[in-house]
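For reference, target-v3.txt (compact mmCIF, C-alpha atoms):
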```
# COMPACT_ATOMS: atom_id res chain seq x y z
CA MET A 1 96.99 67.80 173.74
CA LEU A 2 95.57 67.29 170.27
CA LYS A 3 91.81 67.64 169.92
CA LYS A 4 89.99 64.66 168.46
CA TYR A 5 87.61 65.35 165.62
CA ALA A 6 85.23 63.37 163.46
CA THR A 7 86.12 62.54 159.89
CA VAL A 8 83.45 64.16 157.73
CA GLY A 9 82.76 63.51 154.06
CA ILE A 10 80.39 64.72 151.36
CA TRP A 11 78.45 62.68 148.77
CA VAL A 12 78.15 64.52 145.46
CA VAL A 13 75.58 63.01 143.12
CA ASN A 14 75.79 65.08 139.96
CA ASP A 15 79.30 64.37 138.68
CA PRO A 16 80.80 65.26 136.29
CA TYR A 17 78.08 67.65 135.09
CA ASN A 18 78.53 70.11 138.00
CA LEU A 19 82.22 69.54 138.61
CA MET A 20 83.03 73.25 138.97
CA ILE A 21 80.54 73.53 141.83
CA HIS A 22 81.68 70.31 143.48
CA GLU A 23 85.36 71.27 143.28
CA LYS A 24 84.58 74.16 145.63
CA SER A 25 82.00 72.44 147.82
CA VAL A 26 84.28 69.51 148.76
CA LYS A 27 87.06 71.71 150.18
CA PRO A 28 85.95 71.66 153.85
CA TYR A 29 85.55 67.87 153.90
CA ASP A 30 87.96 65.06 154.66
CA PHE A 31 86.78 62.77 151.86
CA VAL A 32 84.38 62.64 148.92
CA ILE A 33 81.86 60.10 147.67
CA SER A 34 81.13 60.49 143.95
CA GLN A 35 78.45 58.71 141.97
CA ASP A 36 80.61 58.69 138.82
CA ALA A 37 83.72 56.55 138.44
CA SER A 38 85.43 59.08 136.15
CA CYS A 39 85.78 61.62 138.97
CA VAL A 40 87.64 59.53 141.56
CA SER A 41 91.12 60.44 140.31
CA PHE A 42 90.14 64.12 140.02
CA TYR A 43 89.31 64.35 143.73
CA ASN A 44 92.34 62.28 144.69
CA GLN A 45 94.52 64.79 142.85
CA LYS A 46 92.86 67.52 144.95
CA ASN A 47 94.07 65.67 148.05
CA LYS A 48 90.57 64.38 148.76
CA PRO A 49 90.25 60.60 149.15
CA CYS A 50 87.31 59.53 147.02
CA ILE A 51 84.98 56.51 147.05
CA HIS A 52 82.97 55.68 143.95
CA LEU A 53 79.38 54.88 144.93
CA PRO A 54 76.87 54.58 142.07
CA LEU A 55 73.31 55.71 142.57
CA ALA A 56 70.69 53.03 143.23
CA VAL A 57 66.95 52.55 143.78
CA ASN A 58 64.45 52.68 146.62
CA PRO A 59 62.26 49.63 145.83
CA LYS A 60 59.46 51.03 148.00
CA LYS A 61 59.00 53.74 145.36
CA TYR A 62 59.90 51.80 142.21
CA HIS A 63 58.48 48.31 141.93
CA PRO A 64 56.30 46.19 139.62
CA MET A 65 52.59 47.09 139.61
CA LYS A 66 49.52 46.96 137.42
CA VAL A 67 48.53 50.36 136.04
CA PRO A 68 45.50 51.83 134.25
CA GLU A 69 45.41 52.23 130.48
CA LYS A 70 46.34 55.93 130.65
CA TYR A 71 49.88 54.91 131.65
CA GLN A 72 50.29 52.33 128.90
CA TYR A 73 52.47 53.22 125.90
CA ASP A 74 54.69 51.53 123.38
CA ILE A 75 57.54 53.92 124.16
CA SER A 76 58.13 56.44 126.94
CA PHE A 77 60.86 58.82 127.94
CA ILE A 78 60.82 60.67 131.25
CA GLY A 79 63.44 63.36 131.70
CA ASN A 80 64.19 66.99 130.97
CA ALA A 81 65.37 68.34 127.63
CA TRP A 82 69.10 68.58 128.31
CA PRO A 83 71.02 69.91 125.27
CA GLU A 84 72.30 66.58 123.92
CA ARG A 85 68.90 64.92 124.23
CA ILE A 86 67.12 67.46 122.02
CA PRO A 87 68.68 66.50 118.65
CA ILE A 88 68.17 62.80 119.45
CA ILE A 89 64.44 63.28 119.96
CA ASP A 90 64.23 65.62 116.96
CA ASN A 91 65.81 62.96 114.77
CA LEU A 92 63.54 60.29 116.24
CA ALA A 93 60.39 62.41 115.82
CA PRO A 94 59.18 61.00 112.44
CA PHE A 95 59.73 57.49 113.77
CA LEU A 96 58.06 58.14 117.14
CA LEU A 97 55.01 59.78 115.53
CA LYS A 98 54.16 56.38 114.05
CA LYS A 99 54.11 54.81 117.54
CA LYS A 100 52.16 55.25 120.74
CA PHE A 101 54.61 57.26 122.81
CA ILE A 102 54.87 59.83 125.60
CA ILE A 103 57.61 62.25 126.69
CA ILE A 104 57.45 63.80 130.15
CA GLY A 105 59.75 66.56 131.37
CA LYS A 106 60.63 70.23 131.15
CA ASN A 107 61.84 72.38 128.24
CA TRP A 108 60.87 70.11 125.34
CA ASN A 109 59.46 73.21 123.61
CA LYS A 110 63.06 73.63 122.38
CA LEU A 111 62.51 70.81 119.90
CA LYS A 112 62.48 71.81 116.24
CA SER A 113 59.66 69.30 115.87
CA TYR A 114 57.78 70.61 118.91
CA LYS A 115 54.57 71.57 117.08
CA LYS A 116 54.13 68.02 115.80
CA MET A 117 55.32 66.43 119.03
CA GLN A 118 53.45 68.68 121.48
CA PRO A 119 50.33 66.47 121.79
CA TYR A 120 52.57 63.66 123.04
CA ILE A 121 54.59 65.73 125.53
CA ILE A 122 53.69 66.44 129.14
CA ASP A 123 55.72 69.56 129.97
CA THR A 124 56.10 69.14 133.72
CA LEU A 125 57.90 67.24 136.43
CA ILE A 126 56.05 64.34 138.01
CA PRO A 127 56.61 62.63 141.38
CA PRO A 128 58.28 59.21 141.65
CA ARG A 129 54.97 57.38 142.22
CA GLU A 130 53.75 58.66 138.83
CA VAL A 131 57.07 57.94 137.12
CA ALA A 132 56.87 54.35 138.35
CA LYS A 133 53.41 53.98 136.82
CA TYR A 134 54.65 55.06 133.37
CA TYR A 135 57.61 52.69 133.70
CA ASN A 136 55.25 49.84 134.51
CA GLY A 137 52.87 50.73 131.71
CA SER A 138 55.40 51.17 128.89
CA LYS A 139 56.65 48.37 126.66
CA ILE A 140 59.94 50.20 126.10
CA ILE A 141 61.47 52.98 128.20
CA LEU A 142 64.20 55.06 126.60
CA ASN A 143 67.12 55.89 128.88
CA ILE A 144 69.07 58.68 127.19
CA HIS A 145 71.90 59.99 129.35
CA ARG A 146 72.97 63.61 129.54
CA GLY A 147 76.03 64.89 127.73
CA HIS A 148 79.10 65.05 129.99
CA ASN A 149 79.43 68.85 129.68
CA ASP A 150 75.92 69.88 128.71
CA VAL A 151 75.69 72.87 131.10
CA LYS A 152 79.36 73.90 130.69
CA MET A 153 80.17 73.20 134.35
CA ASN A 154 82.52 70.30 133.64
CA HIS A 155 85.63 72.44 133.17
CA LYS A 156 87.95 69.43 133.08
CA LYS A 157 85.83 67.77 130.37
CA LEU A 158 85.76 64.55 132.36
CA PRO A 159 83.71 61.78 130.72
CA ALA A 160 80.60 60.39 132.38
CA PHE A 161 81.01 56.66 133.03
CA THR A 162 78.41 55.55 135.57
CA PRO A 163 74.75 55.07 134.60
CA ASN A 164 72.10 57.42 135.99
CA ASN A 165 69.55 56.64 138.71
CA ARG A 166 66.91 56.11 136.00
CA THR A 167 68.73 52.91 135.02
CA PHE A 168 68.01 51.37 138.41
CA ASP A 169 64.51 52.85 138.76
CA ILE A 170 63.36 51.36 135.46
CA ALA A 171 64.89 47.97 136.24
CA ALA A 172 63.26 47.89 139.69
CA CYS A 173 59.85 48.17 137.99
CA SER A 174 60.68 45.05 135.95
CA ALA A 175 60.45 47.31 132.91
CA PHE A 176 62.38 47.00 129.66
CA GLN A 177 64.81 49.82 128.85
CA LEU A 178 66.87 50.79 125.84
CA CYS A 179 69.92 52.65 127.08
CA ASP A 180 72.78 54.46 125.36
CA CYS A 181 76.07 52.61 125.79
CA ARG A 182 77.60 54.25 128.83
CA GLN A 183 81.00 52.81 129.67
CA GLY A 184 80.25 51.64 133.21
CA LEU A 185 76.92 49.99 132.43
CA ASP A 186 78.36 46.52 131.92
CA HIS A 187 79.91 46.66 135.41
CA LEU A 188 76.40 46.78 136.84
CA TYR A 189 74.22 44.78 134.41
CA LYS A 190 74.73 42.10 131.78
CA ILE A 191 74.27 43.68 128.38
CA ASN A 192 71.51 42.03 126.29
CA ASP A 193 70.56 39.86 129.25
CA GLU A 194 69.52 42.49 131.82
CA VAL A 195 69.63 45.70 129.81
CA VAL A 196 69.84 46.46 126.09
CA CYS A 197 72.06 49.22 124.67
CA TYR A 198 71.99 51.13 121.42
CA ASN A 199 74.96 52.85 119.77
CA SER A 200 73.32 54.97 117.07
CA LEU A 201 69.92 56.35 116.11
CA GLU A 202 69.48 53.70 113.45
CA ASP A 203 70.39 51.01 115.94
CA LEU A 204 67.91 52.49 118.42
CA LYS A 205 65.06 52.50 115.88
CA SER A 206 65.90 48.97 114.81
CA LYS A 207 65.88 47.72 118.40
CA ILE A 208 62.62 49.52 119.20
CA ASN A 209 60.96 47.72 116.30
CA GLU A 210 62.58 44.43 117.22
CA TYR A 211 61.57 44.46 120.88
CA LEU A 212 58.08 45.85 120.35
CA LYS A 213 57.42 42.65 118.41
CA ASN A 214 59.05 40.36 120.97
CA GLU A 215 57.16 40.52 124.26
CA LYS A 216 58.71 37.33 125.63
CA GLU A 217 62.24 38.65 125.16
CA ARG A 218 61.32 41.98 126.75
CA GLU A 219 59.91 40.15 129.74
CA ARG A 220 62.94 37.86 130.04
CA ILE A 221 65.36 40.78 130.06
CA SER A 222 63.29 42.99 132.35
CA ASN A 223 62.76 40.16 134.86
CA ASN A 224 66.50 39.54 134.89
CA ALA A 225 67.09 43.26 135.47
CA LEU A 226 64.66 43.28 138.38
CA ARG A 227 66.42 40.37 140.07
CA ARG A 228 69.85 41.94 139.61
CA THR A 229 68.64 45.29 140.89
CA LEU A 230 67.07 43.94 144.08
CA THR A 231 70.18 41.83 144.69
CA ASP A 232 72.86 44.44 144.00
CA HIS A 233 71.53 47.93 143.38
CA THR A 234 69.31 49.14 146.24
CA TYR A 235 70.35 51.96 148.56
CA GLU A 236 70.51 49.40 151.37
CA LYS A 237 73.19 47.55 149.38
CA ARG A 238 75.02 50.80 148.70
CA LEU A 239 75.05 51.61 152.42
CA GLN A 240 76.44 48.17 153.21
CA TYR A 241 79.23 48.73 150.69
CA LEU A 242 79.93 52.19 152.07
CA LEU A 243 80.22 50.86 155.63
CA HIS A 244 82.59 48.19 154.32
CA CYS A 245 84.75 50.93 152.75
CA PHE A 246 84.78 52.82 156.04
CA SER A 247 85.78 49.70 157.96
CA LYS A 248 88.74 49.27 155.59
CA GLY A 249 89.71 52.93 155.87
CA GLN A 250 89.18 53.54 152.16
CA HIS A 251 87.76 56.98 152.88
CA LEU A 252 91.23 57.98 154.10
CA LYS A 253 93.25 56.56 151.20
CA LYS A 254 94.08 58.36 147.97
```
Just give me the structure of the file as structure tokens.
Amino acid sequence: MLKKYATVGIWVVNDPYNLMIHEKSVKPYDFVISQDASCVSFYNQKNKPCIHLPLAVNPKKYHPMKVPEKYQYDISFIGNAWPERIPIIDNLAPFLLKKKFIIIGKNWNKLKSYKKMQPYIIDTLIPPREVAKYYNGSKIILNIHRGHNDVKMNHKKLPAFTPNNRTFDIAACSAFQLCDCRQGLDHLYKINDEVVCYNSLEDLKSKINEYLKNEKERERISNNALRRTLTDHTYEKRLQYLLHCFSKGQHLKK
């Protein structure tokens, strides 16, 4: 008589950056949940049915709030100094030094412009409750994604399609973000109506200047982003979608 067993899956949340690690870690499992759309076919080819489930937000941690002056900036960026972010900030440095800005994260001492930028960098990790305060206090939050193979663990050189969790966290604070143009972003938000993208450094600087002057447009876009996020992009919504996939047997189909 055959023994019955439970179908067990694993949710990997750092694709494709750590693909080499995930390729090994998924082996004991029946199916995979990946936060990045680009990796679904990779796991399917490994005989692992895969569901694409983007990251989302916990609105109990990230939500609109009034914050003291110490959290209020023209521009903020919160994140570590991954390799492809460093030259972007270095190139932006002369522009940023003319603004009221803050950068928070680890390893920004790798910047060529670090001596000039150091007074405006907090070299540490901060908890979500503090991150949310900076999001609420900043006129513009930069959302610069990592490079798809920045730590050389993406041996298949798969692209990164799906936006990071920061995209949803910022939006849930009803904050205005400028985001690099990741391919899957327009599947989740309306571009220029709920989130604004840039496609070059010059475009980014131009849009920073444009939106710093236009508070009403910032508020219109950020309010739209908040509504979309609470409607479609909470972890409760993700769980509902996942249960729907299970009910349809999608975790068993390649």
**Request:** May I have the residues within 10 Å of Lys253 of chain A as a ChimeraX atom specification, using only C-alpha atoms and disregarding those fewer than 2 positions away in the same chain?
**Result:** /A:31,44,47-51,248-251
**Request:** Could you tell me which of A:Ile10, A:Met20, A:His233, A:Pro54 comes closest to Ile33 of chain A if we count all atoms listed in the file?
**Result:** A:Ile10
Using all atoms listed in the file, find each residue of segment 83-112 of chain A with at least one atom at most 10 Å away from an atom of segment 145-150 of chain A; report its shortest atom-to-atom pair and that distance in Å (one decimal), sort the rows by chain and rising residue number, and return the result as JSON lines.
```
{"residue": "A:Pro83", "atom": "CA", "partner": "A:Asp150", "partner_atom": "CA", "distance": 6.0}
{"residue": "A:Glu84", "atom": "CA", "partner": "A:Gly147", "partner_atom": "CA", "distance": 5.6}
{"residue": "A:Arg85", "atom": "CA", "partner": "A:Arg146", "partner_atom": "CA", "distance": 6.8}
```
**From A:Leu142, A:Ile75, A:Met65, A:Ile170, residue lying nearest Leu96 of chain A [only C-alpha atoms]** = A:Ile75
**Message:** With 12 Å as the threshold, what does the neighbourhood of (78.8, 69.6, 132.3) contain in terms of residues, counting all atoms listed in the file? Coordinates are those of the file; answer as a list in words.
**Reply:** Asn14, Asp15, Pro16, Tyr17, Asn18, Leu19, Met20, Ile21, His22, Trp82, Pro83, Glu84, Arg146, Gly147, His148, Asn149, Asp150, Val151, Lys152, Met153, Asn154, His155, Lys156, Lys157, Leu158, Pro159 and Ala160 of chain A
For the residues in the current selection, export C-alpha atoms as a PDB file, in the coordinates of the input.
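Output file part_12.pdb follows:
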```
ATOM      1  CA  ASN A  14      75.790  65.080 139.960  1.00  0.00           C
ATOM      2  CA  ASP A  15      79.300  64.370 138.680  1.00  0.00           C
ATOM      3  CA  PRO A  16      80.800  65.260 136.290  1.00  0.00           C
ATOM      4  CA  TYR A  17      78.080  67.650 135.090  1.00  0.00           C
ATOM      5  CA  ASN A  18      78.530  70.110 138.000  1.00  0.00           C
ATOM      6  CA  LEU A  19      82.220  69.540 138.610  1.00  0.00           C
ATOM      7  CA  MET A  20      83.030  73.250 138.970  1.00  0.00           C
ATOM      8  CA  ILE A  21      80.540  73.530 141.830  1.00  0.00           C
ATOM      9  CA  HIS A  22      81.680  70.310 143.480  1.00  0.00           C
ATOM     10  CA  TRP A  82      69.100  68.580 128.310  1.00  0.00           C
ATOM     11  CA  PRO A  83      71.020  69.910 125.270  1.00  0.00           C
ATOM     12  CA  GLU A  84      72.300  66.580 123.920  1.00  0.00           C
ATOM     13  CA  ARG A 146      72.970  63.610 129.540  1.00  0.00           C
ATOM     14  CA  GLY A 147      76.030  64.890 127.730  1.00  0.00           C
ATOM     15  CA  HIS A 148      79.100  65.050 129.990  1.00  0.00           C
ATOM     16  CA  ASN A 149      79.430  68.850 129.680  1.00  0.00           C
ATOM     17  CA  ASP A 150      75.920  69.880 128.710  1.00  0.00           C
ATOM     18  CA  VAL A 151      75.690  72.870 131.100  1.00  0.00           C
ATOM     19  CA  LYS A 152      79.360  73.900 130.690  1.00  0.00           C
ATOM     20  CA  MET A 153      80.170  73.200 134.350  1.00  0.00           C
ATOM     21  CA  ASN A 154      82.520  70.300 133.640  1.00  0.00           C
ATOM     22  CA  HIS A 155      85.630  72.440 133.170  1.00  0.00           C
ATOM     23  CA  LYS A 156      87.950  69.430 133.080  1.00  0.00           C
ATOM     24  CA  LYS A 157      85.830  67.770 130.370  1.00  0.00           C
ATOM     25  CA  LEU A 158      85.760  64.550 132.360  1.00  0.00           C
ATOM     26  CA  PRO A 159      83.710  61.780 130.720  1.00  0.00           C
ATOM     27  CA  ALA A 160      80.600  60.390 132.380  1.00  0.00           C
TER      28      ALA A 160
END
```
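Note that the spacing between atom CA of Val67 of chain A and atom CA of Gly137 of chain A amounts to 6.1 Å.
Checking A:Ile126, A:Ile144, A:Leu242, A:Ile104 one by one against Ser200 of chain A, counting all atoms listed in the file, you find the shortest gap at A:Ile144.
Near Thr231 of chain A, within 12 Å and counting only C-alpha atoms, sit Ala56, Val57, Pro59, Phe168, Ala171, Ala172, Leu188, Tyr189, Asn224, Ala225, Lys237 and Arg238 of chain A, not including residues fewer than 6 positions from it in the same chain.
Here atom CA of Asn80 of chain A is placed at a distance of 4.8 Å from atom CA of Lys106 of chain A.
Considering all atoms listed in the file, the residue among A:Glu236, A:Asp123, A:Glu202, A:Glu215 positioned nearest to Leu92 of chain A is A:Glu202.
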**For atom CA of Leu212 of chain A and atom CA of Pro68 of chain A, the interatomic separation in Å (one decimal)** = 19.7 Å
List as an mmCIF file with C-alpha atoms, keeping the file's coordinate frame the residues having at least one atom at most 8 Å from position (48.6, 54.8, 135.4) as given in the file, counting only C-alpha atoms.
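Output saved as out23.cif:
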```cif
data_model
loop_
_atom_site.group_PDB
_atom_site.id
_atom_site.type_symbol
_atom_site.label_atom_id
_atom_site.label_comp_id
_atom_site.auth_asym_id
_atom_site.auth_seq_id
_atom_site.Cartn_x
_atom_site.Cartn_y
_atom_site.Cartn_z
ATOM 1 C CA VAL A 67 48.530 50.360 136.040
ATOM 2 C CA PRO A 68 45.500 51.830 134.250
ATOM 3 C CA GLU A 69 45.410 52.230 130.480
ATOM 4 C CA LYS A 70 46.340 55.930 130.650
ATOM 5 C CA TYR A 71 49.880 54.910 131.650
ATOM 6 C CA GLN A 72 50.290 52.330 128.900
ATOM 7 C CA GLU A 130 53.750 58.660 138.830
ATOM 8 C CA LYS A 133 53.410 53.980 136.820
ATOM 9 C CA TYR A 134 54.650 55.060 133.370
ATOM 10 C CA GLY A 137 52.870 50.730 131.710
#
```
Quick one: segment 11-29 of chain A with N, CA, C and O atoms, as a PDB file, keeping the file's coordinate frame?
```
ATOM      1  N   TRP A  11      78.852  63.513 149.910  1.00  0.00           N
ATOM      2  CA  TRP A  11      78.450  62.680 148.770  1.00  0.00           C
ATOM      3  C   TRP A  11      77.906  63.602 147.695  1.00  0.00           C
ATOM      4  O   TRP A  11      76.869  64.243 147.884  1.00  0.00           O
ATOM      5  N   VAL A  12      78.627  63.711 146.590  1.00  0.00           N
ATOM      6  CA  VAL A  12      78.150  64.520 145.460  1.00  0.00           C
ATOM      7  C   VAL A  12      77.532  63.582 144.425  1.00  0.00           C
ATOM      8  O   VAL A  12      78.090  62.539 144.109  1.00  0.00           O
ATOM      9  N   VAL A  13      76.361  63.936 143.935  1.00  0.00           N
ATOM     10  CA  VAL A  13      75.580  63.010 143.120  1.00  0.00           C
ATOM     11  C   VAL A  13      75.301  63.526 141.714  1.00  0.00           C
ATOM     12  O   VAL A  13      74.446  62.987 141.022  1.00  0.00           O
ATOM     13  N   ASN A  14      76.030  64.542 141.298  1.00  0.00           N
ATOM     14  CA  ASN A  14      75.790  65.080 139.960  1.00  0.00           C
ATOM     15  C   ASN A  14      77.098  65.286 139.209  1.00  0.00           C
ATOM     16  O   ASN A  14      77.270  66.257 138.476  1.00  0.00           O
ATOM     17  N   ASP A  15      78.026  64.358 139.413  1.00  0.00           N
ATOM     18  CA  ASP A  15      79.300  64.370 138.680  1.00  0.00           C
ATOM     19  C   ASP A  15      79.123  63.706 137.330  1.00  0.00           C
ATOM     20  O   ASP A  15      78.317  62.780 137.212  1.00  0.00           O
ATOM     21  N   PRO A  16      79.891  64.116 136.323  1.00  0.00           N
ATOM     22  CA  PRO A  16      80.800  65.260 136.290  1.00  0.00           C
ATOM     23  C   PRO A  16      80.128  66.553 135.827  1.00  0.00           C
ATOM     24  O   PRO A  16      80.799  67.547 135.597  1.00  0.00           O
ATOM     25  N   TYR A  17      78.797  66.526 135.704  1.00  0.00           N
ATOM     26  CA  TYR A  17      78.080  67.650 135.090  1.00  0.00           C
ATOM     27  C   TYR A  17      78.305  68.965 135.839  1.00  0.00           C
ATOM     28  O   TYR A  17      78.404  70.029 135.217  1.00  0.00           O
ATOM     29  N   ASN A  18      78.358  68.900 137.182  1.00  0.00           N
ATOM     30  CA  ASN A  18      78.530  70.110 138.000  1.00  0.00           C
ATOM     31  C   ASN A  18      79.886  70.131 138.693  1.00  0.00           C
ATOM     32  O   ASN A  18      80.003  70.549 139.846  1.00  0.00           O
ATOM     33  N   LEU A  19      80.901  69.693 138.002  1.00  0.00           N
ATOM     34  CA  LEU A  19      82.220  69.540 138.610  1.00  0.00           C
ATOM     35  C   LEU A  19      82.770  70.850 139.166  1.00  0.00           C
ATOM     36  O   LEU A  19      83.420  70.861 140.221  1.00  0.00           O
ATOM     37  N   MET A  20      82.531  71.959 138.488  1.00  0.00           N
ATOM     38  CA  MET A  20      83.030  73.250 138.970  1.00  0.00           C
ATOM     39  C   MET A  20      82.455  73.602 140.337  1.00  0.00           C
ATOM     40  O   MET A  20      83.151  74.147 141.196  1.00  0.00           O
ATOM     41  N   ILE A  21      81.184  73.281 140.538  1.00  0.00           N
ATOM     42  CA  ILE A  21      80.540  73.530 141.830  1.00  0.00           C
ATOM     43  C   ILE A  21      81.103  72.585 142.885  1.00  0.00           C
ATOM     44  O   ILE A  21      81.443  72.977 143.999  1.00  0.00           O
ATOM     45  N   HIS A  22      81.224  71.314 142.518  1.00  0.00           N
ATOM     46  CA  HIS A  22      81.680  70.310 143.480  1.00  0.00           C
ATOM     47  C   HIS A  22      83.129  70.539 143.888  1.00  0.00           C
ATOM     48  O   HIS A  22      83.500  70.285 145.040  1.00  0.00           O
ATOM     49  N   GLU A  23      83.952  71.012 142.959  1.00  0.00           N
ATOM     50  CA  GLU A  23      85.360  71.270 143.280  1.00  0.00           C
ATOM     51  C   GLU A  23      85.477  72.236 144.453  1.00  0.00           C
ATOM     52  O   GLU A  23      86.363  72.098 145.310  1.00  0.00           O
ATOM     53  N   LYS A  24      84.567  73.202 144.524  1.00  0.00           N
ATOM     54  CA  LYS A  24      84.580  74.160 145.630  1.00  0.00           C
ATOM     55  C   LYS A  24      83.894  73.596 146.871  1.00  0.00           C
ATOM     56  O   LYS A  24      84.376  73.788 147.990  1.00  0.00           O
ATOM     57  N   SER A  25      82.785  72.887 146.674  1.00  0.00           N
ATOM     58  CA  SER A  25      82.000  72.440 147.820  1.00  0.00           C
ATOM     59  C   SER A  25      82.689  71.353 148.631  1.00  0.00           C
ATOM     60  O   SER A  25      82.402  71.191 149.823  1.00  0.00           O
ATOM     61  N   VAL A  26      83.623  70.598 148.031  1.00  0.00           N
ATOM     62  CA  VAL A  26      84.280  69.510 148.760  1.00  0.00           C
ATOM     63  C   VAL A  26      85.423  69.996 149.649  1.00  0.00           C
ATOM     64  O   VAL A  26      85.918  69.238 150.496  1.00  0.00           O
ATOM     65  N   LYS A  27      85.860  71.228 149.494  1.00  0.00           N
ATOM     66  CA  LYS A  27      87.060  71.710 150.180  1.00  0.00           C
ATOM     67  C   LYS A  27      87.038  71.537 151.697  1.00  0.00           C
ATOM     68  O   LYS A  27      88.059  71.169 152.300  1.00  0.00           O
ATOM     69  N   PRO A  28      85.916  71.777 152.388  1.00  0.00           N
ATOM     70  CA  PRO A  28      85.950  71.660 153.850  1.00  0.00           C
ATOM     71  C   PRO A  28      85.939  70.207 154.352  1.00  0.00           C
ATOM     72  O   PRO A  28      86.094  69.992 155.561  1.00  0.00           O
ATOM     73  N   TYR A  29      85.773  69.248 153.472  1.00  0.00           N
ATOM     74  CA  TYR A  29      85.550  67.870 153.900  1.00  0.00           C
ATOM     75  C   TYR A  29      86.816  67.030 153.819  1.00  0.00           C
ATOM     76  O   TYR A  29      87.741  67.323 153.068  1.00  0.00           O
TER      77      TYR A  29
END
```
